[in-house]
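Chemist: What follows is a single structure, and I will ask about it in a moment.
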Amino acid sequence: MQILLYVTTIVFLAFQLLYTFIPLLFSKVKKLEEDLEEKSISVLVPAYNEELTIRNCIEAMESLKYRNHEIIIINDGSKDGTLRKLQELLDLQEDDRQVMQELTYRPVRAFYRSRQYPHIYVIDKLNGGKADSLNAGIDYALSDIVITLDADSMLEAHSLQYVNQYFHDPDVMALGGTVKIVQGAERKDGQIQERFTGKGLIKSQIISYIHGFYVRKLTQSALNSIVVISGAFGAFYKEVLIQVDGFRSTVGEDIDITLKIHEYIKANNLSKKLVYAPEAVCYTECPENMPNFYKQRIRWQKAFVDCILIYWSDLPRKFNLGVRLFFAIDGFVLGTLTAFTTFVYLFQLLIAGDGIWMALLMLSATLLINAIQIVIALALCKKYGSTYTLKDYIRMFIFSQLELLTYRNVLLYINIVGTFKYFDNDEGWGYVERKGIASISRSVTAPPSAPASPLSQS
């Protein structure tokens with residue numbers, strides 16, 4: 001066991017070196033080119049029991065500074081008042097858009113168009129899960145580029161402009177944007193102000209998202225090795241999604257589609273890449289209590305285990321070296337396997353009492369690495385336009401050192417439990433309760449000045 005621990009420690013340190021230096025070398029902020037030709041974009045919003053959050057999502061998108069887009073909300077057989085709320089907000093009328101039926105999904109009961117917002121559409125379909133809903137949205141989408149967005153996510157005003165700018169690079173096949181926690185963020189004088197506030201669990205997730213995107217995603221993007229484009233905010237060419245048969249009905253549809261695209265690139269010998277676009281931002285509501293946090297993270301771990309079992313044997317032949325390393329070594333060995341070995345090692349330490357000095361040395365090294373990476377993450381957070389105050393950044397750094405020994409250990413436990421619970425075979429939505437209170441938008445009831453999308457004329 002100790003040999004395995006030492007080997008994984010060396011591998012861990014090697015990856016931490018990458019996560020420390022790569023973000024510093026490749027963190028160039030793109031200047032927004034507002035005069036670029038607008039590629040057509042369809043924003044897909046799968047919704048299941050989102051009666052409380054869907055208003056915030058819609059209102060945020062009415063502030064988008066982009067004309068050539070449509071929004072398709074997919075009501076996946078919600079059991080609450082989601083469809084009724086959509087009718088209330090959008091004033092829906094039936095539309096006769098014809099589709100090619102290129103992907104498989106549960107039957108669509110009706111397709112609607114908003115009278116009030118002509119570029120917003122609603123698909124009402126039988127329940128089939130998130131992946132099934134996304135496939136329906138892809139089939140109905142008219143645009144070249146498809147964005148997947150969670151129903152509790154709120155796009156920042158310039159987000160589609162940045163997505164468009166990245167896709168003007170012919171080598172880009174798909175991208176993921178930055179996802180931020182909406183709790184603590186609010187709009188003041190037309191600008192989004194972010195504050196490090198709330199419960200400890202919320203603060204822990206704020207730190208986790210900042211580190212996960214500005215350190216981990218930047219590193220993987222630089223090496224064309226992104227393992228997952230978050231379902232909360234991802235962008236893809238529609239044709240590519242059709243070529244890979246869309247989203248698979250699984251608990252981890254966002255990891256799966258990312259790997260399928262990597263596989264597609266390798267199989268067709270394409271010089272294409274999946275990138276992280278830090279300037280394209282959306283805000284999402286995170287769980288505010290431990291039961292909902294537990295459900296969310298169990299679902300994430302089950303999704304990862306699912307993809308490990310499906311893709312493991314194909315990794316050497318169908319994926320590039322970077323994806324193999326970050327998916328199998330960083331993701332599985334360091335993210336899942338070491339959760340088990342760490343608990344076994346700590347148990348042995350408590351029983352036998354041997355190796356205490358080695359444990360203290362490893363703990364000290366972990367604290368030092370964590371401190372360095374958090375400083376880098378917070379610096380990049382500031383560099384890419386976040387509006388936290390200096391006091392907030394200081395509090396974030398101090399909190400990050402404390403949560404390493406608290407909330408981070410909860411995640412180790414969840415990784416272990418989630419690995420076992422994968423075999424429950426539950427592939428539903430994994431619904432997490434949301435309140436829909438936090439928002440980055442003004443309260444908008446009518447859009448007299450909102451420009452109509454060119455797609456609304458088709």
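Numbering starts fresh at 1 for the residues of each chain in the structure tokens, the chains themselves are lettered A, B, ... in the order given, and ligands are numbered from 1 as they appear.
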Extract the full set of strand (DSSP E) residues from stretch 56-230 of chain A according to DSSP on the backbone, and format it as a ChimeraX atom specification.
Modeler: /A:69-76,92-94,108-114,120-125,145-149,153-155,172-181,185-188,191-194
Chemist: Taking 4 positions as the minimum chain separation for residues in the same chain, which residues sit within 12 Å of stretch 376-384 of chain A when counting only C-alpha atoms? Answer as a ChimeraX atom specification.
Modeler: /A:19-31,178-180,194,206-219,277-281,369-372,388-390,392-398,400
Chemist: List as CSV every residue of stretch 90-152 of chain A that is in contact with stretch 74-79 of chain A, defined as an atom at most 7 Å from one of its atoms (using only C-alpha atoms), together with the nearest atom pair and the distance in Å rounded to one decimal, sorted by chain and then rising number.
Modeler:
residue,atom,partner,partner_atom,distance
A:Val122,CA,A:Ile74,CA,5.8
A:Ile123,CA,A:Ile74,CA,4.6
A:Asp124,CA,A:Asn75,CA,4.9
A:Lys125,CA,A:Asp76,CA,5.4
A:Leu126,CA,A:Gly77,CA,4.8
A:Asn127,CA,A:Gly77,CA,4.4
A:Gly128,CA,A:Asp76,CA,6.7
A:Gly129,CA,A:Asp76,CA,6.9
A:Ser133,CA,A:Ile74,CA,6.1
A:Gly137,CA,A:Ile74,CA,6.7
Chemist: Write down as an MDAnalysis selection string the residues belonging to stretch 128-252 of chain A that are assigned alpha helix (DSSP H) by DSSP computed on the backbone.
Modeler: chainID A and resid 130:140 159:167 200:211 218:222 238:243
Chemist: Expressed in Å to a single decimal, how great is the separation between atom CA of A:Tyr422 and atom CA of A:Lys302?
Modeler: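 Atom CA of A:Lys302 lies at a distance of 4.8 Å from atom CA of A:Tyr422.
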Chemist: Hey, what's within 10 Å of A:Arg113 if we count only C-alpha atoms and toss same-chain stuff fewer than 4 positions away? As a list in words, please?
Modeler: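 Surrounding residues, per the criterion: Ile71, Ile72, Leu90, Asp91, Leu92, Gln93, Glu94, Asp95, Asp96, Arg97, Tyr117, Pro118, His119, Ile120, Tyr121, Val122, Ile123 and Ser456 of chain A.
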Chemist: Could you give me, as a compact mmCIF listing (two decimals) with C-alpha atoms, in the first residue's frame, the residues within 10 Å of A:Gly418, counting only C-alpha atoms and dropping anything in the same chain fewer than 6 positions from it?
Modeler:
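File written: selection08.txt
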# COMPACT_ATOMS: atom_id res chain seq x y z
CA TYR A 294 -24.14 15.32 -1.96
CA LYS A 295 -26.67 14.38 -4.67
CA ARG A 297 -21.44 15.29 -6.60
CA ILE A 298 -22.58 11.66 -6.38
CA ARG A 299 -24.05 12.13 -9.85
CA TRP A 300 -20.81 13.63 -11.14
CA GLN A 301 -18.75 10.74 -9.77
CA LYS A 302 -21.15 8.16 -11.20
CA ALA A 303 -20.84 9.92 -14.57
CA PHE A 304 -17.07 9.68 -14.45
CA VAL A 305 -17.09 5.99 -13.49
CA THR A 336 -10.83 8.24 -7.74
CA LEU A 411 -15.34 15.12 -1.56
CA LEU A 412 -12.99 12.16 -0.97
CA ASP A 424 -27.39 1.42 -8.80
Chemist: Can you tell me which residues surround A:Leu149 at a distance of at most 10 Å, considering only C-alpha atoms, apart from same-chain residues fewer than 2 positions away, and format the answer as a PyMOL selection string?
Modeler: chain A and resi 43-47+57+73+134+146-147+151-155+230-235+282+284
Chemist: Could you please take those selected residues and save C-alpha atoms as a compact mmCIF listing (two decimals), in the first residue's frame?
Modeler:
# COMPACT_ATOMS: atom_id res chain seq x y z
CA VAL A 43 -28.92 27.92 -27.41
CA LEU A 44 -30.45 24.70 -26.08
CA VAL A 45 -31.89 24.71 -22.56
CA PRO A 46 -33.11 21.30 -21.38
CA ALA A 47 -35.53 21.79 -18.48
CA CYS A 57 -32.33 31.97 -17.44
CA ILE A 73 -36.08 25.48 -24.28
CA LEU A 134 -30.53 17.76 -25.97
CA VAL A 146 -25.24 24.68 -30.79
CA ILE A 147 -24.80 25.80 -27.18
CA ALA A 151 -31.88 25.77 -17.07
CA ASP A 152 -30.44 27.36 -13.94
CA SER A 153 -27.57 28.95 -15.90
CA MET A 154 -27.53 32.63 -16.87
CA LEU A 155 -25.39 33.86 -19.75
CA SER A 230 -19.42 21.25 -18.86
CA GLY A 231 -23.08 20.67 -19.61
CA ALA A 232 -23.75 24.00 -17.90
CA PHE A 233 -22.12 25.87 -20.82
CA GLY A 234 -20.70 24.13 -23.87
CA ALA A 235 -20.65 24.99 -27.58
CA CYS A 282 -22.32 32.00 -17.47
CA THR A 284 -25.19 28.97 -12.21
Chemist: Counting only C-alpha atoms, figure out which residue out of A:Val99, A:Cys307, A:Leu363, A:Ser386 gets nearest to A:Leu405.
Modeler: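 Of A:Val99, A:Cys307, A:Leu363, A:Ser386, the one nearest A:Leu405 is A:Leu363, counting only C-alpha atoms.
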Chemist: Please list as a VMD selection string every residue within 7 Å of stretch 261-263 of chain A, counting only C-alpha atoms and excluding residues in the same chain fewer than 4 positions away.
Modeler: chain A and resid 257 267 318 to 319
Chemist: Which one of A:Lys238, A:Lys421, A:Arg84, A:Lys199 sits closest to A:Asp306 if you count only C-alpha atoms?
Modeler: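 Closest candidate: A:Lys421.
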Chemist: Looking at only C-alpha atoms, which of A:Ile265, A:Met173, A:Leu32, A:Ile181 is the one that sits closest to A:Leu160?
Modeler: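 Closest to A:Leu160 of all the choices is A:Leu32.
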Chemist: Do you have the atom CA of A:Glu59-atom CA of A:Arg106 distance handy?
Modeler: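 The value is 28.3 Å.
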